[in-house]
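Structure below is my_file_27.cif: mmCIF, C-alpha atoms.
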```cif
data_entry
loop_
_atom_site.label_atom_id
_atom_site.label_comp_id
_atom_site.auth_asym_id
_atom_site.auth_seq_id
_atom_site.Cartn_x
_atom_site.Cartn_y
_atom_site.Cartn_z
CA MET T 1 11.51 42.78 21.85
CA THR T 2 14.06 40.12 22.66
CA ARG T 3 15.43 38.69 19.51
CA ALA T 4 15.26 35.02 18.71
CA ARG T 5 18.43 32.97 18.68
CA PHE T 6 20.63 33.27 15.59
CA SER T 7 23.76 31.31 16.29
CA LEU T 8 26.53 29.38 14.63
CA ASP T 9 25.04 26.20 16.11
CA GLY T 10 21.77 26.72 14.26
CA PHE T 11 23.64 27.62 11.09
CA ARG T 12 25.60 24.37 11.35
CA ARG T 13 22.43 22.32 11.89
CA GLY T 14 20.91 23.87 8.79
CA ALA T 15 24.06 23.36 6.75
CA ARG T 16 24.20 19.70 7.73
CA ASP T 17 20.55 19.14 6.78
CA GLY T 18 21.09 20.96 3.50
CA VAL T 19 23.86 18.69 2.25
CA PRO T 20 21.77 15.89 0.65
CA LEU T 21 19.67 18.42 -1.25
CA ALA T 22 22.79 20.32 -2.26
CA PHE T 23 23.74 17.31 -4.40
CA SER T 24 20.47 17.55 -6.27
CA ILE T 25 20.89 21.32 -6.66
CA PHE T 26 24.42 20.67 -7.93
CA ALA T 27 22.95 18.43 -10.63
CA TYR T 28 20.37 21.10 -11.45
CA GLY T 29 23.22 23.62 -11.69
CA LEU T 30 25.00 21.35 -14.15
CA GLY T 31 21.85 21.32 -16.24
CA PHE T 32 21.54 25.09 -16.22
CA GLY T 33 25.25 25.48 -16.97
CA LEU T 34 24.96 23.23 -20.03
CA VAL T 35 21.94 25.14 -21.34
CA ALA T 36 23.70 28.44 -20.70
CA ALA T 37 26.81 27.24 -22.54
CA GLN T 38 24.68 26.26 -25.52
CA ALA T 39 23.13 29.72 -25.47
CA GLY T 40 26.62 31.18 -25.75
CA PHE T 41 27.20 32.10 -22.11
CA GLY T 42 30.77 31.73 -20.88
CA ILE T 43 31.49 30.27 -17.46
CA GLY T 44 31.70 33.70 -15.84
CA LYS T 45 28.41 34.91 -17.29
CA ALA T 46 26.64 31.68 -16.33
CA VAL T 47 27.92 31.79 -12.74
CA VAL T 48 27.03 35.48 -12.33
CA THR T 49 23.53 34.68 -13.60
CA SER T 50 23.17 31.84 -11.08
CA ALA T 51 24.48 34.02 -8.27
CA THR T 52 22.23 37.03 -8.93
CA ILE T 53 18.92 35.42 -9.97
CA TYR T 54 19.53 32.33 -7.83
CA SER T 55 16.59 30.37 -9.19
CA GLY T 56 17.03 27.56 -11.69
CA SER T 57 13.53 27.51 -13.11
CA ALA T 58 13.52 31.29 -13.65
CA GLN T 59 16.95 31.22 -15.27
CA LEU T 60 16.02 28.44 -17.69
CA ALA T 61 12.89 30.31 -18.70
CA ALA T 62 14.88 33.53 -19.13
CA ILE T 63 17.48 31.83 -21.36
CA ASN T 64 14.66 30.41 -23.41
CA LEU T 65 13.27 33.89 -23.87
CA LEU T 66 16.67 35.45 -24.61
CA GLN T 67 17.24 32.90 -27.36
CA THR T 68 14.11 33.97 -29.19
CA GLY T 69 15.87 37.31 -29.71
CA GLU T 70 12.69 39.14 -28.80
CA ALA T 71 13.24 39.47 -25.09
CA THR T 72 12.33 42.91 -23.84
CA LEU T 73 13.28 43.95 -20.31
CA TRP T 74 9.62 43.87 -19.33
CA ALA T 75 9.20 40.37 -20.70
CA LEU T 76 12.22 39.16 -18.74
CA PHE T 77 10.97 40.86 -15.58
CA ALA T 78 7.50 39.36 -15.98
CA THR T 79 8.85 35.89 -16.71
CA VAL T 80 10.94 35.78 -13.55
CA LEU T 81 8.06 37.25 -11.56
CA VAL T 82 5.60 34.59 -12.72
CA ILE T 83 7.97 31.66 -12.29
CA ASN T 84 9.10 32.80 -8.85
CA ALA T 85 5.70 33.88 -7.57
CA ARG T 86 5.75 30.83 -5.29
CA TYR T 87 8.42 32.62 -3.27
CA LEU T 88 5.73 35.06 -2.14
CA LEU T 89 4.09 32.13 -0.41
CA PHE T 90 7.39 30.81 0.92
CA GLY T 91 8.29 34.19 2.41
CA ALA T 92 4.84 34.66 3.92
CA SER T 93 4.91 31.27 5.63
CA LEU T 94 8.39 31.92 7.06
CA GLN T 95 7.63 35.42 8.34
CA PRO T 96 6.12 34.74 11.78
CA TRP T 97 9.16 32.66 12.71
CA LEU T 98 11.98 34.38 10.85
CA TRP T 99 11.04 37.99 11.66
CA GLN T 100 11.91 37.46 15.32
CA ALA T 101 15.57 37.35 14.31
CA GLY T 102 15.45 41.05 13.43
CA LYS T 103 15.31 42.95 10.16
CA LEU T 104 18.84 42.55 8.85
CA ARG T 105 19.14 38.87 9.70
CA SER T 106 15.76 37.91 8.31
CA TYR T 107 16.16 39.81 5.02
CA GLY T 108 19.71 38.54 4.72
CA SER T 109 18.49 34.96 5.15
CA LEU T 110 15.81 35.48 2.50
CA LEU T 111 18.51 36.11 -0.11
CA LEU T 112 19.37 32.41 0.19
CA LEU T 113 15.76 31.23 0.03
CA GLY T 114 15.03 28.46 -2.47
CA ASP T 115 12.54 25.61 -2.88
CA ALA T 116 14.75 23.04 -1.17
CA ASN T 117 15.72 25.03 1.89
CA TRP T 118 12.23 26.42 2.33
CA MET T 119 11.03 22.83 2.62
CA LEU T 120 13.81 21.94 5.04
CA THR T 121 13.21 25.01 7.17
CA MET T 122 9.42 24.62 7.40
CA ARG T 123 10.02 21.04 8.47
CA ALA T 124 12.54 22.15 11.11
CA ILE T 125 10.14 24.82 12.42
CA ARG T 126 7.46 22.17 12.89
CA ALA T 127 9.97 20.04 14.75
CA GLY T 128 10.62 22.96 17.11
CA GLU T 129 13.73 24.61 15.63
CA GLU T 130 14.28 27.88 17.51
CA ASP T 131 17.50 29.06 15.92
CA ARG T 132 16.76 31.43 13.05
CA ALA T 133 20.23 30.93 11.55
CA TYR T 134 18.99 27.50 10.43
CA LEU T 135 17.59 28.92 7.17
CA ALA T 136 20.84 30.63 6.18
CA GLY T 137 22.67 27.44 7.17
CA THR T 138 20.60 25.31 4.79
CA GLY T 139 21.38 27.84 2.08
CA ALA T 140 25.15 27.46 2.44
CA PRO T 141 25.76 23.98 0.94
CA ILE T 142 22.96 24.56 -1.57
CA THR T 143 24.58 27.78 -2.82
CA ILE T 144 27.94 26.05 -3.15
CA GLY T 145 26.34 23.17 -5.08
CA TRP T 146 24.40 25.57 -7.31
CA LEU T 147 27.36 27.74 -8.28
CA LEU T 148 29.78 24.83 -8.64
CA GLY T 149 27.28 22.93 -10.77
CA THR T 150 26.69 25.97 -12.96
CA ALA T 151 30.42 26.48 -13.48
CA LEU T 152 31.09 22.82 -14.36
CA GLY T 153 28.05 22.65 -16.62
CA ALA T 154 29.04 25.82 -18.46
CA ALA T 155 32.53 24.41 -18.85
CA ALA T 156 30.76 21.52 -20.61
CA VAL T 157 32.28 18.85 -18.43
CA SER T 158 30.51 16.11 -20.33
CA SER T 159 32.50 13.26 -18.80
CA LEU T 160 30.43 13.56 -15.60
CA PRO T 161 27.70 10.94 -15.19
CA ARG T 162 24.27 12.18 -16.17
CA PRO T 163 22.37 13.39 -13.08
CA GLU T 164 19.31 11.37 -14.16
CA ALA T 165 21.29 8.14 -14.00
CA LEU T 166 21.95 8.84 -10.31
CA GLY T 167 18.31 9.72 -9.70
CA LEU T 168 19.31 13.24 -8.62
CA ASP T 169 16.49 14.85 -10.61
CA LEU T 170 14.04 13.06 -8.33
CA MET T 171 15.73 14.17 -5.09
CA LEU T 172 13.50 17.19 -4.44
CA PRO T 173 10.22 15.32 -5.14
CA CYS T 174 11.44 12.44 -2.94
CA PHE T 175 12.15 14.83 -0.07
CA ALA T 176 8.79 16.46 -0.63
CA ALA T 177 7.01 13.09 -0.51
CA GLY T 178 8.88 12.05 2.63
CA MET T 179 8.12 15.31 4.41
CA VAL T 180 4.45 15.10 3.50
CA ALA T 181 4.31 11.56 4.88
CA ALA T 182 6.07 12.68 8.07
CA MET T 183 3.95 15.82 8.54
CA THR T 184 0.54 14.35 7.83
CA ARG T 185 -0.39 12.90 11.20
CA LYS T 186 -3.91 14.10 11.85
CA ARG T 187 -6.99 13.80 9.70
CA SER T 188 -7.14 17.58 9.46
CA ASP T 189 -3.63 17.57 7.94
CA LEU T 190 -4.72 15.29 5.13
CA MET T 191 -7.25 17.53 3.38
CA PRO T 192 -4.83 20.38 2.44
CA VAL T 193 -2.34 17.79 1.18
CA LEU T 194 -4.88 16.08 -1.06
CA VAL T 195 -6.27 19.39 -2.32
CA GLY T 196 -2.72 20.61 -2.99
CA ALA T 197 -1.80 17.53 -4.99
CA GLY T 198 -5.03 17.61 -6.98
CA MET T 199 -4.79 21.32 -7.64
CA ALA T 200 -1.17 21.01 -8.82
CA LEU T 201 -2.10 18.30 -11.32
CA GLY T 202 -5.11 20.17 -12.63
CA VAL T 203 -3.38 23.53 -12.99
CA ALA T 204 -0.22 21.98 -14.49
CA GLU T 205 -2.37 20.37 -17.16
CA VAL T 206 -3.66 23.76 -18.30
CA PHE T 207 -1.06 26.36 -17.29
CA GLY T 208 2.20 24.46 -16.73
CA PRO T 209 4.23 23.66 -13.60
CA ALA T 210 5.10 27.17 -12.33
CA PRO T 211 1.55 28.29 -11.47
CA ALA T 212 0.70 24.73 -10.41
CA VAL T 213 2.90 24.91 -7.32
CA ILE T 214 1.49 28.28 -6.26
CA ALA T 215 -2.06 27.04 -6.83
CA ALA T 216 -1.32 23.98 -4.69
CA GLY T 217 -0.13 26.14 -1.80
CA LEU T 218 -3.00 28.61 -2.05
CA ALA T 219 -5.66 25.92 -2.32
CA GLY T 220 -4.21 23.88 0.55
CA GLY T 221 -3.98 27.01 2.67
CA ALA T 222 -7.54 28.02 1.84
CA VAL T 223 -8.89 24.62 2.83
CA ALA T 224 -7.03 24.77 6.13
CA ALA T 225 -8.30 28.31 6.77
CA LEU T 226 -11.88 27.19 6.22
CA GLY T 227 -11.36 24.29 8.60
CA ALA T 228 -9.88 26.58 11.24
CA GLY T 229 -12.87 28.91 10.90
CA GLY T 230 -15.20 26.03 11.59
CA ARG T 231 -13.43 25.10 14.81
CA ALA T 232 -13.20 28.65 16.14
CA MET Z 13 21.79 41.51 -26.64
CA ASN Z 14 25.35 41.30 -25.31
CA ASP Z 15 25.67 45.00 -24.55
CA SER Z 16 22.48 45.12 -22.57
CA PHE Z 17 23.03 41.83 -20.76
CA PRO Z 18 24.09 43.45 -17.46
CA LEU Z 19 20.90 45.50 -17.56
CA ALA Z 20 18.78 42.45 -18.39
CA LEU Z 21 20.44 40.57 -15.55
CA ALA Z 22 19.78 43.42 -13.13
CA VAL Z 23 16.11 43.48 -14.14
CA MET Z 24 15.75 39.71 -13.68
CA ALA Z 25 17.62 39.76 -10.38
CA ALA Z 26 15.30 42.53 -9.19
CA ALA Z 27 12.23 40.44 -10.04
CA ALA Z 28 13.69 37.43 -8.22
CA LEU Z 29 14.52 39.56 -5.18
CA LEU Z 30 11.06 41.09 -5.19
CA CYS Z 31 9.50 37.62 -5.01
CA ARG Z 32 11.82 36.64 -2.15
CA VAL Z 33 11.01 39.63 0.05
CA ALA Z 34 7.49 40.76 -0.92
CA GLY Z 35 5.45 37.96 0.68
CA PHE Z 36 7.57 38.18 3.81
CA THR Z 37 7.22 41.97 4.02
CA LEU Z 38 3.47 41.86 3.44
CA MET Z 39 3.07 39.43 6.32
CA ARG Z 40 4.78 41.91 8.67
CA PHE Z 41 1.76 44.17 8.33
CA MET Z 42 -0.98 41.55 8.32
CA PRO Z 43 -2.69 40.63 11.55
CA VAL Z 44 -2.19 36.88 11.99
CA THR Z 45 -5.69 35.57 12.58
CA PRO Z 46 -6.27 31.89 13.48
CA ARG Z 47 -7.51 31.36 9.93
CA LEU Z 48 -4.38 32.86 8.38
CA GLU Z 49 -2.18 30.91 10.76
CA ALA Z 50 -3.91 27.66 9.80
CA ALA Z 51 -3.47 28.54 6.12
CA LEU Z 52 0.24 29.24 6.52
CA ARG Z 53 0.75 26.06 8.51
CA ALA Z 54 -0.93 23.99 5.82
CA THR Z 55 0.89 25.63 2.92
CA PRO Z 56 4.14 23.61 3.09
CA GLY Z 57 2.34 20.25 3.04
CA ALA Z 58 0.15 21.32 0.14
CA VAL Z 59 3.09 22.68 -1.87
CA MET Z 60 5.19 19.56 -1.22
CA ALA Z 61 2.29 17.30 -2.13
CA GLY Z 62 1.97 19.34 -5.33
CA ILE Z 63 5.67 18.95 -6.14
CA ALA Z 64 5.53 15.19 -5.54
CA ALA Z 65 2.31 14.85 -7.55
CA LEU Z 66 3.82 16.71 -10.51
CA ALA Z 67 6.88 14.43 -10.47
CA LEU Z 68 4.59 11.43 -10.31
CA ALA Z 69 2.53 12.63 -13.27
CA LYS Z 70 5.62 13.47 -15.33
CA GLY Z 71 7.48 10.26 -14.53
CA GLY Z 72 6.90 6.64 -15.40
CA LEU Z 73 6.82 3.42 -13.40
CA ALA Z 74 10.31 3.89 -11.90
CA GLU Z 75 9.42 7.32 -10.53
CA ALA Z 76 6.07 6.09 -9.20
CA LEU Z 77 7.68 3.15 -7.40
CA ALA Z 78 10.39 5.39 -5.94
CA LEU Z 79 7.93 8.01 -4.67
CA GLY Z 80 5.64 5.30 -3.33
CA SER Z 81 8.49 3.67 -1.47
CA VAL Z 82 9.40 7.04 0.08
CA LEU Z 83 5.87 7.37 1.50
CA VAL Z 84 5.94 3.87 2.98
CA LEU Z 85 9.55 4.05 4.19
CA THR Z 86 8.97 7.37 5.94
CA ARG Z 87 6.31 5.68 8.07
CA VAL Z 88 8.34 2.50 8.58
CA THR Z 89 11.73 4.07 9.37
CA GLY Z 90 10.39 7.23 10.97
CA SER Z 91 12.95 9.26 9.01
CA ASP Z 92 11.82 11.23 5.98
CA VAL Z 93 15.42 12.04 5.04
CA ALA Z 94 16.51 8.40 5.02
CA ALA Z 95 13.37 7.49 3.07
CA ALA Z 96 14.05 10.20 0.48
CA LEU Z 97 17.64 9.10 -0.02
CA ILE Z 98 16.54 5.49 -0.42
CA GLY Z 99 13.90 6.67 -2.90
CA VAL Z 100 16.61 8.33 -5.00
CA GLY Z 101 18.55 5.05 -4.89
CA VAL Z 102 15.43 3.14 -5.93
CA VAL Z 103 14.82 5.30 -9.00
CA ALA Z 104 18.51 5.15 -9.98
CA ALA Z 105 18.50 1.34 -9.69
CA LEU Z 106 15.23 0.97 -11.60
CA ARG Z 107 16.43 3.24 -14.40
CA TRP Z 108 19.68 1.31 -14.55
CA ALA Z 109 17.65 -1.89 -14.84
CA GLY Z 110 15.74 -0.33 -17.68
CA VAL Z 111 12.36 0.12 -15.98
#
```
Using the file provided, produce a representation of the structure as structure tokens.
Amino acid sequence: MTRARFSLDGFRRGARDGVPLAFSIFAYGLGFGLVAAQAGFGIGKAVVTSATIYSGSAQLAAINLLQTGEATLWALFATVLVINARYLLFGASLQPWLWQAGKLRSYGSLLLLGDANWMLTMRAIRAGEEDRAYLAGTGAPITIGWLLGTALGAAAVSSLPRPEALGLDLMLPCFAAGMVAAMTRKRSDLMPVLVGAGMALGVAEVFGPAPAVIAAGLAGGAVAALGAGGRA
Amino acid sequence: MNDSFPLALAVMAAAALLCRVAGFTLMRFMPVTPRLEAALRATPGAVMAGIAALALAKGGLAEALALGSVLVLTRVTGSDVAAALIGVGVVAALRWAGV
């Protein structure tokens, strides 16, 4: 099997595209750092947490649980598993493309996988991106933003402007909306999008935002699969 | 809890890693049928629509106007990135104005 391209050029393209979202992740990191500081984490502990778990939503939930004082290891494991279950979907959708880079490169790239760069990479794949280093490239500025934000937040740098005032908390949803608008060209593209949005709202109402995103992906995928069956 | 924090961190990191690699690994052993391919192709759009819808439901008028302008601007400018950045500017301006 000839391996797909995995070059510095592709890495650079990804890194460049990742920069705007890295600002929003930086703001998110600030938020986590502040929460961690309030929970008694020092800067070092907060940064190590961000580096090893590498998922803001999971880390916030874990801190919440730790603060109750009743966090067992199983409860922590289960919490992270439930909150990050959407990554199962992210990984699955990347596999046909990413796997062609070879085992080490694809699993290495997955270590940097997050919501923002999954979105960017799926968009790039649709646009014909062939270089598998793109995913790792998008992860680079995002990782820097995430760790830097965590460190500054934990250091309680309160003189920084609030991220909400700059609209940074809405960066990821704005990118998501823009990508949906750009991707939805055919009538057959519209149904999974509508089902996904509806499913997310319905599930969030009952079970909260973490399962809502997974449900959106699964429902949208199921609708598309049914449609594909009809055409075949 | 302080003594066992490294252990707790290792357990949480393992769960996060499992989520990152498990879906990917499973797909290596699944035959990619046209149905599955269609499902995987549609997943990003559905997830992103879900993320945007949740932000819309959680936010107020400023957020709704910003997200709405992103949808329109993406079609008008042909650039989703430019539209998203403008959308962030729109929500910042509206919040500053007190909307």
Compile the contact shell of Phe17 (chain Z) as a PDB file with C-alpha atoms, keeping the file's coordinate frame: residues with an atom at most 12 Å away, counting all atoms listed in the file, same-chain residues fewer than 4 positions apart removed.
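Below is the file selection-v9.pdb, written as the result:
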```pdb
ATOM      1  CA  PHE T  41      27.200  32.100 -22.110  1.00  0.00           C
ATOM      2  CA  LYS T  45      28.410  34.910 -17.290  1.00  0.00           C
ATOM      3  CA  ALA T  46      26.640  31.680 -16.330  1.00  0.00           C
ATOM      4  CA  VAL T  48      27.030  35.480 -12.330  1.00  0.00           C
ATOM      5  CA  THR T  49      23.530  34.680 -13.600  1.00  0.00           C
ATOM      6  CA  ALA T  62      14.880  33.530 -19.130  1.00  0.00           C
ATOM      7  CA  ILE T  63      17.480  31.830 -21.360  1.00  0.00           C
ATOM      8  CA  LEU T  66      16.670  35.450 -24.610  1.00  0.00           C
ATOM      9  CA  ALA T  71      13.240  39.470 -25.090  1.00  0.00           C
ATOM     10  CA  THR T  72      12.330  42.910 -23.840  1.00  0.00           C
ATOM     11  CA  LEU T  73      13.280  43.950 -20.310  1.00  0.00           C
ATOM     12  CA  LEU T  76      12.220  39.160 -18.740  1.00  0.00           C
TER      13      LEU T  76
ATOM     14  CA  MET Z  13      21.790  41.510 -26.640  1.00  0.00           C
ATOM     15  CA  LEU Z  21      20.440  40.570 -15.550  1.00  0.00           C
ATOM     16  CA  ALA Z  22      19.780  43.420 -13.130  1.00  0.00           C
ATOM     17  CA  VAL Z  23      16.110  43.480 -14.140  1.00  0.00           C
ATOM     18  CA  MET Z  24      15.750  39.710 -13.680  1.00  0.00           C
ATOM     19  CA  ALA Z  25      17.620  39.760 -10.380  1.00  0.00           C
TER      20      ALA Z  25
END
```
Result set, the PyMOL selection byres ((chain T and resi 205-215) around 10) on current file, as an NGL selection string:
(:T and (57-58 or 82-90 or 195-204 or 216-221)) or (:Z and (55 or 58-63 or 66 or 69))
With the PyMOL selection byres ((chain T and resi 129) around 12) as the selection, what would be picked from this file? Answer as an mmCIF file with C-alpha atoms, in the coordinates of the input, please.
```
data_model
loop_
_atom_site.group_PDB
_atom_site.id
_atom_site.type_symbol
_atom_site.label_atom_id
_atom_site.label_comp_id
_atom_site.auth_asym_id
_atom_site.auth_seq_id
_atom_site.Cartn_x
_atom_site.Cartn_y
_atom_site.Cartn_z
ATOM 1 C CA ALA T 4 15.260 35.020 18.710
ATOM 2 C CA ARG T 5 18.430 32.970 18.680
ATOM 3 C CA PHE T 6 20.630 33.270 15.590
ATOM 4 C CA ASP T 9 25.040 26.200 16.110
ATOM 5 C CA GLY T 10 21.770 26.720 14.260
ATOM 6 C CA PHE T 11 23.640 27.620 11.090
ATOM 7 C CA ARG T 13 22.430 22.320 11.890
ATOM 8 C CA GLY T 14 20.910 23.870 8.790
ATOM 9 C CA TRP T 97 9.160 32.660 12.710
ATOM 10 C CA LEU T 98 11.980 34.380 10.850
ATOM 11 C CA LEU T 120 13.810 21.940 5.040
ATOM 12 C CA THR T 121 13.210 25.010 7.170
ATOM 13 C CA MET T 122 9.420 24.620 7.400
ATOM 14 C CA ARG T 123 10.020 21.040 8.470
ATOM 15 C CA ALA T 124 12.540 22.150 11.110
ATOM 16 C CA ILE T 125 10.140 24.820 12.420
ATOM 17 C CA ARG T 126 7.460 22.170 12.890
ATOM 18 C CA ALA T 127 9.970 20.040 14.750
ATOM 19 C CA GLY T 128 10.620 22.960 17.110
ATOM 20 C CA GLU T 130 14.280 27.880 17.510
ATOM 21 C CA ASP T 131 17.500 29.060 15.920
ATOM 22 C CA ARG T 132 16.760 31.430 13.050
ATOM 23 C CA ALA T 133 20.230 30.930 11.550
ATOM 24 C CA TYR T 134 18.990 27.500 10.430
ATOM 25 C CA LEU T 135 17.590 28.920 7.170
#
```
Restricting the calculation to all atoms listed in the file, which member of T:Ile142, T:Leu170, T:Ala155, T:Asn117 is positioned closest to Leu77 (chain Z)?
T:Leu170
Which residues fall under the PyMOL selection byres ((chain Z and resi 39) around 12) in this file, as JSON, numbers by chain?
{"T": [88, 89, 90, 91, 92, 93, 94, 95, 96, 97, 98, 99], "Z": [33, 34, 35, 36, 37, 38, 40, 41, 42, 43, 44, 45, 48, 49, 52]}
Go ahead and write the selection's residues with C-alpha atoms as a compact mmCIF listing (two decimals), keeping the file's coordinate frame.
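Here's the written file result.txt:
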```txt
# COMPACT_ATOMS: atom_id res chain seq x y z
CA LEU T 88 5.73 35.06 -2.14
CA LEU T 89 4.09 32.13 -0.41
CA PHE T 90 7.39 30.81 0.92
CA GLY T 91 8.29 34.19 2.41
CA ALA T 92 4.84 34.66 3.92
CA SER T 93 4.91 31.27 5.63
CA LEU T 94 8.39 31.92 7.06
CA GLN T 95 7.63 35.42 8.34
CA PRO T 96 6.12 34.74 11.78
CA TRP T 97 9.16 32.66 12.71
CA LEU T 98 11.98 34.38 10.85
CA TRP T 99 11.04 37.99 11.66
CA VAL Z 33 11.01 39.63 0.05
CA ALA Z 34 7.49 40.76 -0.92
CA GLY Z 35 5.45 37.96 0.68
CA PHE Z 36 7.57 38.18 3.81
CA THR Z 37 7.22 41.97 4.02
CA LEU Z 38 3.47 41.86 3.44
CA ARG Z 40 4.78 41.91 8.67
CA PHE Z 41 1.76 44.17 8.33
CA MET Z 42 -0.98 41.55 8.32
CA PRO Z 43 -2.69 40.63 11.55
CA VAL Z 44 -2.19 36.88 11.99
CA THR Z 45 -5.69 35.57 12.58
CA LEU Z 48 -4.38 32.86 8.38
CA GLU Z 49 -2.18 30.91 10.76
CA LEU Z 52 0.24 29.24 6.52
```
Using all atoms listed in the file, which residue out of T:Val193, T:Met183, T:Ala224, T:Ala101 lies closest to Arg87 (chain Z)?
T:Met183
When distances are computed from only C-alpha atoms, which of T:Leu166, T:Lys186, T:Leu60, T:Leu152 shows the smallest separation from Ala105 (chain Z)?
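Selected residue with least distance to Ala105 (chain Z): T:Leu166.
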Selected residue, from Z:Ala96, Z:Val111, Z:Gly80, Z:Leu30, that lies nearest to Leu68 (chain Z) when counting all atoms listed in the file
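Among the listed residues, Z:Gly80 lies closest to Leu68 (chain Z).
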Quick check, in Å to one decimal: how far apart do CA of Lys103 (chain T) and CA of Ala22 (chain T) lie?
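Going from CA of Lys103 (chain T) over to CA of Ala22 (chain T) covers 26.9 Å.
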What separation in Å, quoted to one decimal, exists between CA of Leu111 (chain T) and CA of Trp146 (chain T)?
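Computed distance, CA of Leu111 (chain T) to CA of Trp146 (chain T), equals 14.1 Å.
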Please provide as a count of residues only all residues within 12 Å of Gly227 (chain T), with the sequence filter that same-chain residues fewer than 3 positions apart are discarded (counting only C-alpha atoms).
21
With only C-alpha atoms as the basis for distance, which of Z:Leu19, Z:Leu85, Z:Ala64, Z:Ala76 is at the shortest distance from chain T?
Z:Ala64
So what do you get for CA of Ile25 (chain T) versus CA of Leu73 (chain Z), distance-wise?
23.7 Å
Which residues are close to Met171 (chain T), i.e. within 6 Å by all atoms listed in the file, leaving aside same-chain residues fewer than 3 positions away? Reply as a PyMOL selection string.
(chain T and resi 24+168+174) or (chain Z and resi 100)
Need the neighbours of (23.2, 17.4, -15.5): which residues are at most 6 Å away, counting only C-alpha atoms, as a VMD selection string?
chain T and resid 27 30 to 31 162 to 163
Using C-alpha atoms, can you write the selected residues to a file as a PDB file, keeping the file's coordinate frame?
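Output file again.pdb follows:
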```
ATOM      1  CA  ALA T  27      22.950  18.430 -10.630  1.00  0.00           C
ATOM      2  CA  LEU T  30      25.000  21.350 -14.150  1.00  0.00           C
ATOM      3  CA  GLY T  31      21.850  21.320 -16.240  1.00  0.00           C
ATOM      4  CA  ARG T 162      24.270  12.180 -16.170  1.00  0.00           C
ATOM      5  CA  PRO T 163      22.370  13.390 -13.080  1.00  0.00           C
TER       6      PRO T 163
END
```
Write out as a list in words the residues lying within 12 Å of Ala74 (chain Z), counting all atoms listed in the file and excluding same-chain residues fewer than 3 positions away.
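My list of contacting residues is Glu164, Ala165, Gly167 and Leu170 of chain T; Ala67, Leu68, Ala69, Lys70, Gly71, Leu77, Ala78, Leu79, Gly80, Ser81, Gly99, Val100, Gly101, Val102, Val103, Ala104, Ala105, Leu106, Arg107, Trp108, Ala109, Gly110 and Val111 of chain Z.
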Within 12 Å of Thr89 (chain Z), counting only C-alpha atoms, which residues qualify if same-chain residues fewer than 6 places away don't, as a ChimeraX atom specification?
/T:178,181-182 /Z:81-83,95-96,98
Please write a file for region 22-33 of chain Z, taken from the block I just shared, that holds C-alpha atoms and is laid out as an mmCIF file, in the first residue's frame.
```
data_model
loop_
_atom_site.group_PDB
_atom_site.id
_atom_site.type_symbol
_atom_site.label_atom_id
_atom_site.label_comp_id
_atom_site.auth_asym_id
_atom_site.auth_seq_id
_atom_site.Cartn_x
_atom_site.Cartn_y
_atom_site.Cartn_z
ATOM 1 C CA ALA Z 22 -4.103 8.729 34.635
ATOM 2 C CA VAL Z 23 -7.570 7.148 34.764
ATOM 3 C CA MET Z 24 -9.205 10.205 33.176
ATOM 4 C CA ALA Z 25 -6.493 10.499 30.537
ATOM 5 C CA ALA Z 26 -7.016 6.825 29.697
ATOM 6 C CA ALA Z 27 -10.750 7.385 29.208
ATOM 7 C CA ALA Z 28 -10.084 10.402 26.980
ATOM 8 C CA LEU Z 29 -7.535 8.446 24.944
ATOM 9 C CA LEU Z 30 -9.914 5.518 24.602
ATOM 10 C CA CYS Z 31 -12.551 7.814 23.098
ATOM 11 C CA ARG Z 32 -10.001 9.282 20.673
ATOM 12 C CA VAL Z 33 -8.810 5.944 19.294
#
```
